[in-house]
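query26.cif (mmCIF, C-alpha atoms)
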data_upload
loop_
_atom_site.label_atom_id
_atom_site.label_comp_id
_atom_site.auth_asym_id
_atom_site.auth_seq_id
_atom_site.Cartn_x
_atom_site.Cartn_y
_atom_site.Cartn_z
CA MET A 568 -80.40 39.48 80.56
CA LYS A 569 -79.44 41.61 77.57
CA ILE A 570 -76.03 39.90 77.51
CA LYS A 571 -77.71 36.50 77.54
CA VAL A 572 -79.69 37.44 74.42
CA VAL A 573 -76.53 38.62 72.66
CA THR A 574 -74.72 35.41 73.58
CA ARG A 575 -77.56 33.32 72.24
CA ILE A 576 -77.55 35.30 68.98
CA LEU A 577 -73.79 34.79 68.57
CA GLU A 578 -74.05 31.05 69.30
CA ALA A 579 -76.81 30.61 66.75
CA ASN A 580 -74.72 32.58 64.27
CA ASP A 581 -71.67 30.36 64.82
CA ARG A 582 -73.74 27.26 64.15
CA ILE A 583 -74.92 28.60 60.80
CA ALA A 584 -71.39 29.80 59.99
CA ASP A 585 -70.16 26.21 60.46
CA GLU A 586 -72.81 24.99 58.01
CA ASN A 587 -71.74 27.63 55.48
CA ARG A 588 -68.10 26.60 55.97
CA LYS A 589 -68.93 22.97 55.28
CA ARG A 590 -70.73 23.99 52.11
CA PHE A 591 -67.79 26.11 50.93
CA LYS A 592 -65.40 23.23 51.58
CA GLU A 593 -67.54 20.77 49.62
CA ALA A 594 -67.67 23.21 46.71
CA GLY A 595 -63.90 23.75 46.87
CA VAL A 596 -64.14 27.51 47.18
CA SER A 597 -61.97 29.69 49.45
CA VAL A 598 -63.85 32.46 51.22
CA VAL A 599 -62.66 35.86 52.40
CA ASN A 600 -64.69 38.23 54.62
CA LEU A 601 -63.58 41.76 53.66
CA MET A 602 -64.23 44.41 56.31
CA GLY A 603 -63.48 48.06 56.97
CA ALA A 604 -64.98 51.45 57.83
CA PRO A 605 -67.29 53.27 55.40
CA GLY A 606 -65.19 54.78 52.62
CA ALA A 607 -62.01 52.82 53.39
CA GLY A 608 -62.08 51.67 49.79
CA LYS A 609 -63.31 48.08 50.07
CA THR A 610 -65.20 48.03 46.76
CA THR A 611 -62.40 49.74 44.85
CA LEU A 612 -59.89 47.25 46.30
CA LEU A 613 -62.23 44.48 45.21
CA GLU A 614 -62.36 45.88 41.67
CA ARG A 615 -58.56 46.09 41.47
CA THR A 616 -58.17 42.62 42.97
CA ILE A 617 -60.59 41.08 40.47
CA GLN A 618 -58.81 42.81 37.58
CA ALA A 619 -55.46 41.43 38.82
CA LEU A 620 -56.63 37.88 39.57
CA LYS A 621 -59.29 37.19 36.97
CA PRO A 622 -56.86 35.60 34.51
CA ARG A 623 -55.80 33.12 37.22
CA LEU A 624 -58.79 32.60 39.51
CA ARG A 625 -62.55 32.26 39.15
CA ILE A 626 -63.87 34.85 41.59
CA GLY A 627 -67.37 35.46 42.95
CA VAL A 628 -68.58 38.26 45.20
CA ILE A 629 -71.25 38.86 47.84
CA GLU A 630 -71.89 42.55 48.50
CA GLY A 631 -73.29 43.61 51.87
CA ASP A 632 -74.94 47.01 52.24
CA ILE A 633 -77.72 48.42 54.35
CA VAL A 634 -79.57 49.56 51.22
CA GLY A 635 -78.89 49.87 47.51
CA SER A 636 -77.00 47.90 44.90
CA ASP A 637 -74.34 50.36 43.71
CA ASP A 638 -71.46 48.12 44.75
CA ALA A 639 -72.92 45.00 43.13
CA GLU A 640 -73.36 46.95 39.89
CA ARG A 641 -69.71 48.03 39.99
CA ILE A 642 -68.58 44.43 40.50
CA SER A 643 -71.02 43.06 37.93
CA ALA A 644 -69.42 45.33 35.32
CA LEU A 645 -66.25 43.21 35.72
CA ASP A 646 -68.20 40.18 34.57
CA VAL A 647 -67.96 38.06 37.73
CA PRO A 648 -70.92 36.50 39.57
CA VAL A 649 -72.16 38.82 42.31
CA VAL A 650 -75.06 38.86 44.76
CA GLN A 651 -76.17 41.94 46.71
CA ILE A 652 -77.41 41.54 50.28
CA ASN A 653 -79.34 44.45 51.79
CA THR A 654 -79.33 44.19 55.58
CA GLY A 655 -82.16 46.72 55.86
CA GLY A 656 -80.58 48.48 58.81
CA ALA A 657 -78.26 45.91 60.36
CA CYS A 658 -74.66 47.14 60.64
CA HIS A 659 -73.00 43.83 59.72
CA LEU A 660 -73.52 40.63 57.76
CA ASP A 661 -74.30 37.47 59.69
CA ALA A 662 -74.04 33.80 58.77
CA ASN A 663 -77.76 33.47 58.09
CA MET A 664 -77.78 36.31 55.55
CA ILE A 665 -74.92 34.57 53.72
CA SER A 666 -76.61 31.17 53.93
CA GLU A 667 -79.73 32.57 52.27
CA VAL A 668 -77.95 33.73 49.11
CA LEU A 669 -75.61 30.75 48.54
CA ASP A 670 -78.00 29.13 46.06
CA ASP A 671 -77.68 32.24 43.90
CA LEU A 672 -73.95 31.70 43.33
CA PRO A 673 -72.26 29.00 41.21
CA LEU A 674 -70.10 27.91 44.17
CA ARG A 675 -68.59 24.85 42.46
CA GLU A 676 -67.39 26.98 39.57
CA LEU A 677 -65.54 29.42 41.85
CA ASP A 678 -62.02 29.37 43.32
CA LEU A 679 -62.45 32.40 45.54
CA LEU A 680 -65.54 34.03 47.04
CA ILE A 681 -65.05 37.51 48.49
CA ILE A 682 -67.73 38.78 50.86
CA GLU A 683 -67.69 42.56 51.22
CA ASN A 684 -69.17 43.38 54.61
CA VAL A 685 -71.12 46.50 55.61
CA GLY A 686 -68.86 49.51 56.18
CA ASN A 687 -68.21 49.39 59.93
CA LEU A 688 -65.04 48.94 62.00
CA VAL A 689 -66.87 47.31 64.90
CA CYS A 690 -69.61 44.66 64.58
CA PRO A 691 -68.62 42.80 61.39
CA ALA A 692 -65.59 41.44 63.32
CA GLU A 693 -67.94 39.75 65.83
CA PHE A 694 -69.98 37.72 63.34
CA LYS A 695 -68.44 34.73 61.57
CA VAL A 696 -70.03 33.96 58.22
CA GLY A 697 -68.13 30.73 57.43
CA GLU A 698 -65.07 32.45 55.94
CA ASP A 699 -61.55 30.97 55.73
CA ALA A 700 -60.07 34.35 56.61
CA LYS A 701 -61.09 37.86 57.56
CA MET A 702 -59.29 40.79 55.96
CA MET A 703 -59.63 44.50 56.55
CA VAL A 704 -59.06 47.74 54.69
CA LEU A 705 -58.05 50.96 56.45
CA SER A 706 -57.71 54.27 54.63
CA VAL A 707 -54.78 56.49 55.70
CA ALA A 708 -57.35 59.31 55.81
CA GLU A 709 -58.89 57.63 58.87
CA GLY A 710 -55.81 58.51 60.91
CA HIS A 711 -53.31 56.44 62.85
CA ASP A 712 -55.33 55.94 66.03
CA LYS A 713 -57.67 53.28 64.67
CA PRO A 714 -55.91 50.05 65.82
CA LEU A 715 -56.05 51.12 69.47
CA LYS A 716 -59.63 52.39 69.20
CA TYR A 717 -61.11 49.44 67.26
CA PRO A 718 -58.84 46.56 68.33
CA LEU A 719 -61.13 43.58 67.67
CA MET A 720 -61.11 43.89 63.88
CA PHE A 721 -57.31 44.20 63.83
CA ARG A 722 -57.06 41.10 66.04
CA GLU A 723 -59.49 39.05 63.95
CA SER A 724 -57.99 39.87 60.55
CA SER A 725 -55.33 37.87 58.72
CA ALA A 726 -54.42 40.82 56.52
CA LEU A 727 -54.62 44.60 56.76
CA VAL A 728 -54.65 46.60 53.54
CA ILE A 729 -53.64 50.20 54.25
CA ASN A 730 -55.29 52.04 51.36
CA LYS A 731 -55.04 55.54 49.83
CA ILE A 732 -51.31 55.84 50.54
CA ASP A 733 -51.17 58.39 47.69
CA LEU A 734 -52.81 60.81 50.19
CA LEU A 735 -50.01 60.49 52.77
CA PRO A 736 -48.15 63.66 51.65
CA TYR A 737 -51.26 65.72 52.43
CA MET A 738 -51.96 64.55 55.97
CA ASN A 739 -50.40 63.80 59.34
CA THR A 740 -51.15 60.09 59.46
CA ASP A 741 -48.19 58.16 60.90
CA ILE A 742 -48.29 54.90 59.01
CA ASN A 743 -45.57 53.38 61.20
CA LYS A 744 -47.80 53.87 64.22
CA VAL A 745 -50.59 52.03 62.37
CA ARG A 746 -48.15 49.19 61.61
CA ASN A 747 -46.73 48.97 65.11
CA ASP A 748 -50.03 49.18 66.96
CA SER A 749 -51.65 46.67 64.59
CA LEU A 750 -48.80 44.19 65.00
CA ALA A 751 -48.86 44.62 68.79
CA LEU A 752 -52.52 43.52 68.70
CA ASN A 753 -51.94 40.77 66.15
CA PRO A 754 -48.30 39.75 65.51
CA LYS A 755 -49.29 37.47 62.59
CA LEU A 756 -51.11 40.24 60.70
CA LYS A 757 -49.90 40.61 57.11
CA ILE A 758 -49.82 44.29 56.13
CA PHE A 759 -50.02 45.73 52.61
CA GLU A 760 -49.66 49.38 51.62
CA VAL A 761 -51.82 50.14 48.64
CA SER A 762 -53.23 52.94 46.55
CA CYS A 763 -56.25 51.67 44.66
CA ALA A 764 -56.49 55.06 42.92
CA LYS A 765 -52.93 54.83 41.52
CA GLY A 766 -52.63 51.03 41.39
CA THR A 767 -49.67 50.96 43.80
CA GLY A 768 -49.16 47.72 45.72
CA ILE A 769 -52.06 45.86 44.14
CA ASP A 770 -49.89 43.18 42.51
CA GLN A 771 -48.22 42.23 45.78
CA TRP A 772 -51.55 42.02 47.60
CA ALA A 773 -53.23 40.04 44.81
CA GLN A 774 -50.25 37.68 44.62
CA TRP A 775 -50.47 36.96 48.36
CA LEU A 776 -54.24 36.49 48.20
CA SER A 777 -54.03 34.01 45.35
CA ALA A 778 -51.26 32.07 47.13
CA LEU A 779 -53.62 31.55 50.12
CA ARG A 780 -55.69 29.40 47.82
CA SER A 781 -53.00 26.76 47.38
CA MET B 660 -88.54 37.07 68.07
CA LYS B 661 -85.20 38.76 67.47
CA ILE B 662 -87.05 41.83 66.23
CA LYS B 663 -89.16 41.86 69.37
CA VAL B 664 -86.01 41.95 71.48
CA VAL B 665 -84.59 44.82 69.45
CA THR B 666 -87.88 46.76 69.76
CA ARG B 667 -87.89 46.28 73.51
CA ILE B 668 -84.30 47.48 73.76
CA LEU B 669 -85.08 50.61 71.71
CA GLU B 670 -88.19 51.36 73.80
CA ALA B 671 -86.26 51.06 77.05
CA ASN B 672 -83.59 53.30 75.57
CA ASP B 673 -86.11 55.98 74.59
CA ARG B 674 -87.48 56.04 78.13
CA ILE B 675 -84.05 56.69 79.61
CA ALA B 676 -83.31 59.25 76.87
CA ASP B 677 -86.42 61.16 77.97
CA GLU B 678 -85.16 61.19 81.55
CA ASN B 679 -81.77 62.48 80.37
CA ARG B 680 -83.52 65.16 78.32
CA LYS B 681 -85.50 66.33 81.36
CA ARG B 682 -82.30 66.54 83.36
CA PHE B 683 -80.54 68.56 80.64
CA LYS B 684 -83.49 70.95 80.45
CA GLU B 685 -83.53 71.50 84.22
CA ALA B 686 -79.81 72.22 84.15
CA GLY B 687 -80.25 74.62 81.22
CA VAL B 688 -77.70 72.88 79.02
CA SER B 689 -78.09 72.27 75.27
CA VAL B 690 -76.93 68.87 74.10
CA VAL B 691 -75.51 67.75 70.75
CA ASN B 692 -74.93 64.12 69.75
CA LEU B 693 -71.96 64.17 67.33
CA MET B 694 -71.74 61.15 65.03
CA GLY B 695 -69.71 59.94 62.05
CA ALA B 696 -67.59 57.10 60.68
CA PRO B 697 -64.21 56.22 62.22
CA GLY B 698 -61.65 58.80 61.14
CA ALA B 699 -64.18 61.34 59.82
CA GLY B 700 -62.56 63.87 62.15
CA LYS B 701 -65.09 64.14 64.99
CA THR B 702 -62.54 64.77 67.73
CA THR B 703 -60.56 67.28 65.68
CA LEU B 704 -63.79 69.13 64.82
CA LEU B 705 -64.59 69.13 68.53
CA GLU B 706 -61.17 70.63 69.33
CA ARG B 707 -61.60 73.39 66.74
CA THR B 708 -65.18 74.04 67.88
CA ILE B 709 -64.15 74.37 71.52
CA GLN B 710 -61.30 76.72 70.57
CA ALA B 711 -63.74 78.87 68.60
CA LEU B 712 -66.58 78.91 71.14
CA LYS B 713 -64.82 78.79 74.49
CA PRO B 714 -64.76 82.59 74.89
CA ARG B 715 -68.55 82.67 74.46
CA LEU B 716 -69.91 79.37 75.77
CA ARG B 717 -69.20 77.03 78.67
CA ILE B 718 -68.73 73.69 76.95
CA GLY B 719 -68.55 70.15 78.34
CA VAL B 720 -67.83 66.91 76.49
CA ILE B 721 -68.69 63.22 76.78
CA GLU B 722 -66.36 61.00 74.72
CA GLY B 723 -67.61 57.61 73.55
CA ASP B 724 -65.12 54.95 72.49
CA ILE B 725 -65.01 51.19 72.58
CA VAL B 726 -61.74 51.29 74.53
CA GLY B 727 -59.15 53.88 75.53
CA SER B 728 -59.15 57.51 76.57
CA ASP B 729 -57.10 59.19 73.83
CA ASP B 730 -59.95 61.47 72.77
CA ALA B 731 -60.81 62.55 76.33
CA GLU B 732 -57.15 63.43 76.89
CA ARG B 733 -57.13 65.58 73.75
CA ILE B 734 -60.27 67.42 74.89
CA SER B 735 -59.05 67.72 78.48
CA ALA B 736 -55.97 69.55 77.21
CA LEU B 737 -58.35 72.36 76.17
CA ASP B 738 -59.38 72.77 79.79
CA VAL B 739 -63.06 71.86 79.50
CA PRO B 740 -64.86 69.22 81.60
CA VAL B 741 -64.80 65.85 79.85
CA VAL B 742 -65.89 62.31 80.70
CA GLN B 743 -64.79 59.24 78.75
CA ILE B 744 -67.24 56.37 78.26
CA ASN B 745 -65.82 53.02 77.15
CA THR B 746 -68.54 50.88 75.64
CA GLY B 747 -66.40 47.75 75.92
CA GLY B 748 -67.43 46.48 72.50
CA ALA B 749 -70.75 48.17 71.79
CA CYS B 750 -70.73 50.10 68.53
CA HIS B 751 -72.80 53.07 69.76
CA LEU B 752 -73.66 55.04 72.88
CA ASP B 753 -77.08 54.50 74.43
CA ALA B 754 -79.13 56.60 76.83
CA ASN B 755 -78.20 54.47 79.83
CA MET B 756 -74.46 54.92 79.28
CA ILE B 757 -75.01 58.68 79.19
CA SER B 758 -77.26 58.62 82.25
CA GLU B 759 -74.57 56.84 84.25
CA VAL B 760 -71.94 59.57 83.76
CA LEU B 761 -74.12 62.68 84.19
CA ASP B 762 -73.16 63.03 87.87
CA ASP B 763 -69.55 63.39 86.76
CA LEU B 764 -70.24 66.60 84.83
CA PRO B 765 -71.09 70.06 86.24
CA LEU B 766 -74.27 70.25 84.12
CA ARG B 767 -75.60 73.48 85.68
CA GLU B 768 -72.36 75.26 84.86
CA LEU B 769 -72.49 74.32 81.17
CA ASP B 770 -74.17 75.99 78.20
CA LEU B 771 -73.41 73.26 75.70
CA LEU B 772 -72.67 69.56 76.15
CA ILE B 773 -71.25 67.77 73.12
CA ILE B 774 -71.43 63.97 73.11
CA GLU B 775 -68.98 62.37 70.68
CA ASN B 776 -70.40 59.01 69.70
CA VAL B 777 -68.47 55.86 68.72
CA GLY B 778 -67.12 56.02 65.16
CA ASN B 779 -69.85 54.31 63.15
CA LEU B 780 -72.19 55.50 60.37
CA VAL B 781 -74.95 53.08 61.29
CA CYS B 782 -76.10 52.30 64.84
CA PRO B 783 -75.48 55.59 66.69
CA ALA B 784 -78.30 57.12 64.61
CA GLU B 785 -80.77 54.58 66.08
CA PHE B 786 -80.16 55.34 69.76
CA LYS B 787 -81.38 58.60 71.26
CA VAL B 788 -79.38 59.73 74.28
CA GLY B 789 -81.51 62.75 75.27
CA GLU B 790 -79.88 65.20 72.85
CA ASP B 791 -81.46 68.37 71.44
CA ALA B 792 -79.91 67.66 68.05
CA LYS B 793 -77.85 65.07 66.23
CA MET B 794 -75.02 66.23 63.98
CA MET B 795 -72.70 64.26 61.77
CA VAL B 796 -69.24 64.57 60.28
CA LEU B 797 -68.32 63.05 56.91
CA SER B 798 -64.79 63.15 55.51
CA VAL B 799 -64.47 63.78 51.76
CA ALA B 800 -62.05 60.83 51.76
CA GLU B 801 -65.02 58.54 52.46
CA GLY B 802 -66.36 59.20 48.94
CA HIS B 803 -69.62 60.62 47.64
CA ASP B 804 -71.74 57.47 47.90
CA LYS B 805 -72.28 57.60 51.65
CA PRO B 806 -75.69 59.37 51.87
CA LEU B 807 -77.36 56.70 49.73
CA LYS B 808 -75.58 53.83 51.50
CA TYR B 809 -76.10 55.00 55.09
CA PRO B 810 -79.31 57.07 54.81
CA LEU B 811 -80.57 56.93 58.41
CA MET B 812 -77.80 59.08 59.88
CA PHE B 813 -78.24 61.71 57.16
CA ARG B 814 -82.01 61.71 57.87
CA GLU B 815 -81.60 61.98 61.64
CA SER B 816 -79.00 64.76 61.64
CA SER B 817 -79.71 68.49 61.86
CA ALA B 818 -76.30 69.35 60.46
CA LEU B 819 -73.72 67.67 58.24
CA VAL B 820 -70.12 68.82 58.49
CA ILE B 821 -68.21 67.79 55.37
CA ASN B 822 -64.64 67.65 56.66
CA LYS B 823 -61.15 67.43 55.09
CA ILE B 824 -62.13 69.57 52.08
CA ASP B 825 -58.40 70.41 51.72
CA LEU B 826 -58.05 66.87 50.29
CA LEU B 827 -60.55 67.45 47.46
CA PRO B 828 -57.88 68.26 44.82
CA TYR B 829 -56.33 64.81 45.34
CA MET B 830 -59.43 62.65 44.93
CA ASN B 831 -62.54 62.04 42.84
CA THR B 832 -65.12 62.82 45.50
CA ASP B 833 -68.02 64.80 44.02
CA ILE B 834 -69.07 67.06 46.87
CA ASN B 835 -72.15 68.26 44.96
CA LYS B 836 -73.41 64.69 44.84
CA VAL B 837 -72.96 64.48 48.63
CA ARG B 838 -74.94 67.72 49.03
CA ASN B 839 -77.73 66.74 46.63
CA ASP B 840 -78.18 63.19 47.93
CA SER B 841 -78.08 64.38 51.55
CA LEU B 842 -80.67 67.09 50.93
CA ALA B 843 -82.90 64.64 49.05
CA LEU B 844 -82.92 62.49 52.19
CA ASN B 845 -83.29 65.43 54.56
CA PRO B 846 -84.26 68.78 53.01
CA LYS B 847 -83.75 70.65 56.31
CA LEU B 848 -80.16 69.45 56.73
CA LYS B 849 -77.71 72.31 57.29
CA ILE B 850 -74.43 71.57 55.47
CA PHE B 851 -70.99 72.99 56.30
CA GLU B 852 -67.80 72.49 54.32
CA VAL B 853 -64.83 72.45 56.64
CA SER B 854 -61.14 71.64 56.84
CA CYS B 855 -60.20 71.08 60.47
CA ALA B 856 -56.57 70.68 59.38
CA LYS B 857 -56.47 74.13 57.74
CA GLY B 858 -59.16 75.84 59.85
CA THR B 859 -61.39 76.55 56.83
CA GLY B 860 -65.10 76.98 57.55
CA ILE B 861 -64.82 76.52 61.33
CA ASP B 862 -66.06 80.04 62.17
CA GLN B 863 -69.25 79.62 60.17
CA TRP B 864 -69.98 76.24 61.73
CA ALA B 865 -69.20 77.43 65.26
CA GLN B 866 -71.34 80.54 64.75
CA TRP B 867 -74.30 78.43 63.69
CA LEU B 868 -73.81 76.00 66.57
CA SER B 869 -73.71 78.77 69.16
CA ALA B 870 -76.82 80.41 67.65
CA LEU B 871 -78.76 77.15 68.26
CA ARG B 872 -78.37 77.83 71.95
CA SER B 873 -80.52 80.96 71.87
#
Would you put the structure from the file into structure tokens?
Amino acid sequence: MKIKVVTRILEANDRIADENRKRFKEAGVSVVNLMGAPGAGKTTLLERTIQALKPRLRIGVIEGDIVGSDDAERISALDVPVVQINTGGACHLDANMISEVLDDLPLRELDLLIIENVGNLVCPAEFKVGEDAKMMVLSVAEGHDKPLKYPLMFRESSALVINKIDLLPYMNTDINKVRNDSLALNPKLKIFEVSCAKGTGIDQWAQWLSALRS
Amino acid sequence: MKIKVVTRILEANDRIADENRKRFKEAGVSVVNLMGAPGAGKTTLLERTIQALKPRLRIGVIEGDIVGSDDAERISALDVPVVQINTGGACHLDANMISEVLDDLPLRELDLLIIENVGNLVCPAEFKVGEDAKMMVLSVAEGHDKPLKYPLMFRESSALVINKIDLLPYMNTDINKVRNDSLALNPKLKIFEVSCAKGTGIDQWAQWLSALRS
């Protein structure tokens, strides 16, 4: 009974995600769904990515948070169009939430729309929003056991950005285990090692992201 | 309609949580629901806590993960009774999952049962499992914006363990902002600063936890 309800919710979500996808295609905008645990560094990666790609691509952002608009204010300071969604308790964005804010973005004037999901390694991976690709951020401070404990997000993502690698000397995280376990779950996963704090690896990641567009 | 379903699910959960609570009371065991984001250090805190309190208290553990039994194996190595729950996708433990494993624990021979929830800063705070108190772990690597972005868990918790303080010199996290924003949400919140890696602050935390029992 409970499972039936969940299935119905996911089916309804997929239908709306398809409508969003059609709309994105018509507008000619590529869409990335950016996911990761709280504090993995999604917003900071977004800031660095925008700084790197702004000369080449017209970028827009949708920020998803339970409450507040801190992240949207950070992105807005970079002078790109941004909309904040507050889920009011829900632990993930769904297709309907995205659909409701699309009129607030100049879709036809964008090359790339990045949707930053609620900080959560679990549910965001279950809900399509109409994206071309899902990508995830993992901080090395989260430890090397995450791929095996939260496999769905690693399976669903096209790219994994391993962030905060400047902290590696101060902890026991085995980054090769992260790589190997992630690739075992998803052999096509593209992996980037990045430090948003120091700027390491951002160019390579941004280069790859912009190449997706063509 | 969707909200109605969610309300019904939460009501059913509360009923089972009350039954669990009655059972814990009859057995004379205190119960803590330990929550936090993925990689905050919940299992490592649990290991240190057991090492500190084992001479004084008979401790049992329920481990909640989506898949796998890594955490239960780590706890089992400390020679305390432990049961692993795999939620199979669900991003939180609920009262029914707990109810179903209670026969597998020697409740009457325990003083303290610690339930480690699924790594998630959102949903675990919504589902009572019959606990006497909720407690949460936050890693300094998650940044200082978490109380304002994920307020419910900070409101619901009796104690906040700020973990990985040995990393503070290498990052911009403002721990006073974490303290102030947390206390603004929940003035009764007891806050501990801890490094599980270095052992800092564990005695104080363990002392407080064991005093709850009396």
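Considering all atoms listed in the file, the residue among B:Leu764, B:Ile725, B:Val739, B:Leu827 positioned nearest to Lys716 in chain A is B:Ile725.
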Atomic distance CA of Ala856 in chain B - CA of Gly768 in chain A, expressed in Å with one decimal | 27.7 Å
Each residue of chain A lying at most 10 Å from chain B should get a row with its shortest atom-to-atom pair and the distance in Å to one decimal, counting all atoms listed in the file; could you produce that, ordered by chain and increasing number, as CSV?
residue,atom,partner,partner_atom,distance
A:Lys569,CA,B:Ile668,CA,8.5
A:Val572,CA,B:Val664,CA,8.3
A:Ile576,CA,B:Lys661,CA,8.5
A:Gly603,CA,B:Pro697,CA,9.7
A:Ala604,CA,B:Pro697,CA,6.5
A:Pro605,CA,B:Glu801,CA,6.4
A:Gly606,CA,B:Glu801,CA,3.8
A:Ala607,CA,B:Glu801,CA,6.5
A:Gly608,CA,B:Glu801,CA,7.9
A:Asp632,CA,B:Lys808,CA,6.9
A:Ile633,CA,B:Lys808,CA,6.5
A:Val634,CA,B:Lys808,CA,5.9
A:Gly635,CA,B:Lys808,CA,6.5
A:Ser636,CA,B:Lys808,CA,9.0
A:Asp637,CA,B:Lys808,CA,8.6
A:Asp638,CA,B:Lys808,CA,9.8
A:Gly656,CA,B:Val781,CA,7.7
A:Ala657,CA,B:Val781,CA,8.0
A:Cys658,CA,B:Val781,CA,6.0
A:His659,CA,B:Val781,CA,9.6
A:Val685,CA,B:Val781,CA,9.5
A:Gly686,CA,B:Leu780,CA,8.0
A:Asn687,CA,B:Asn779,CA,6.1
A:Leu688,CA,B:Asn779,CA,7.3
A:Val689,CA,B:Cys750,CA,6.0
A:Cys690,CA,B:Cys750,CA,6.8
A:Glu693,CA,B:Gly748,CA,9.5
A:Leu705,CA,B:Gly698,CA,9.8
A:Ser706,CA,B:Ala800,CA,8.4
A:Val707,CA,B:Gly698,CA,9.1
A:Ala708,CA,B:Ala800,CA,6.4
A:Glu709,CA,B:Gly698,CA,3.8
A:Gly710,CA,B:Gly698,CA,5.9
A:His711,CA,B:Gly698,CA,8.8
A:Asp712,CA,B:Gly698,CA,8.5
A:Lys713,CA,B:Pro697,CA,7.6
A:Leu715,CA,B:Gly727,CA,7.3
A:Lys716,CA,B:Val726,CA,5.8
A:Tyr717,CA,B:Ile725,CA,6.8
A:Pro718,CA,B:Val726,CA,8.3
A:Leu719,CA,B:Gly748,CA,8.5
A:Lys731,CA,B:Ala800,CA,9.0
A:Asp733,CA,B:Tyr829,CA,8.6
A:Leu734,CA,B:Tyr829,CA,7.2
A:Tyr737,CA,B:Leu826,CA,7.2
A:Met738,CA,B:Ala856,CA,8.4
A:Asn739,CA,B:Ala856,CA,9.2
A:Ala764,CA,B:Met830,CA,8.4
May I have the residues within 9 Å of Leu693 in chain B as a PyMOL selection string, using all atoms listed in the file and disregarding those fewer than 5 positions away in the same chain?
-> chain B and resi 701+705+773-776+792-796
Keeping C-alpha atoms, export the residues of the selection given above as a PDB file, in the frame of the given file.
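Dumped everything to part-v1.pdb:
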ATOM      1  CA  LYS B 701     -65.090  64.140  64.990  1.00  0.00           C
ATOM      2  CA  LEU B 705     -64.590  69.130  68.530  1.00  0.00           C
ATOM      3  CA  ILE B 773     -71.250  67.770  73.120  1.00  0.00           C
ATOM      4  CA  ILE B 774     -71.430  63.970  73.110  1.00  0.00           C
ATOM      5  CA  GLU B 775     -68.980  62.370  70.680  1.00  0.00           C
ATOM      6  CA  ASN B 776     -70.400  59.010  69.700  1.00  0.00           C
ATOM      7  CA  ALA B 792     -79.910  67.660  68.050  1.00  0.00           C
ATOM      8  CA  LYS B 793     -77.850  65.070  66.230  1.00  0.00           C
ATOM      9  CA  MET B 794     -75.020  66.230  63.980  1.00  0.00           C
ATOM     10  CA  MET B 795     -72.700  64.260  61.770  1.00  0.00           C
ATOM     11  CA  VAL B 796     -69.240  64.570  60.280  1.00  0.00           C
TER      12      VAL B 796
END
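Interatomic distance, CA of Cys763 in chain A to CA of Thr859 in chain B: 28.2 Å.
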Test item: residues at most 12 Å from Asp585 in chain A, only C-alpha atoms, excluding those fewer than 4 positions along its chain, as a list in words = Glu578, Ala579, Asn580, Asp581, Lys589, Arg590, Phe591, Lys592, Ala662, Asn663, Ile665, Ser666, Phe694, Lys695, Val696, Gly697, Glu698 and Asp699 of chain A
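Straight-line separation from CA of Leu769 in chain B to CA of Gly719 in chain B: 6.4 Å.
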Name the closest residue to Ala870 in chain B among the candidates B:Leu712, B:Met756, B:Ile834, B:Val741; distances are taken between atoms, counting only C-alpha atoms.
-> B:Leu712
Counting all atoms listed in the file, find the residues whose atoms lie at most 10 Å from (-50.1, 52.4, 59.6) (file coordinates) and write them out as a PyMOL selection string.
-> chain A and resi 705-707+710-714+727-730+732+740-750+758-760
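Each of B:Leu752, B:Val742, B:Leu704, B:Leu669 was checked against Val853 in chain B using all atoms listed in the file; the smallest atom-to-atom distance is that of B:Leu704.
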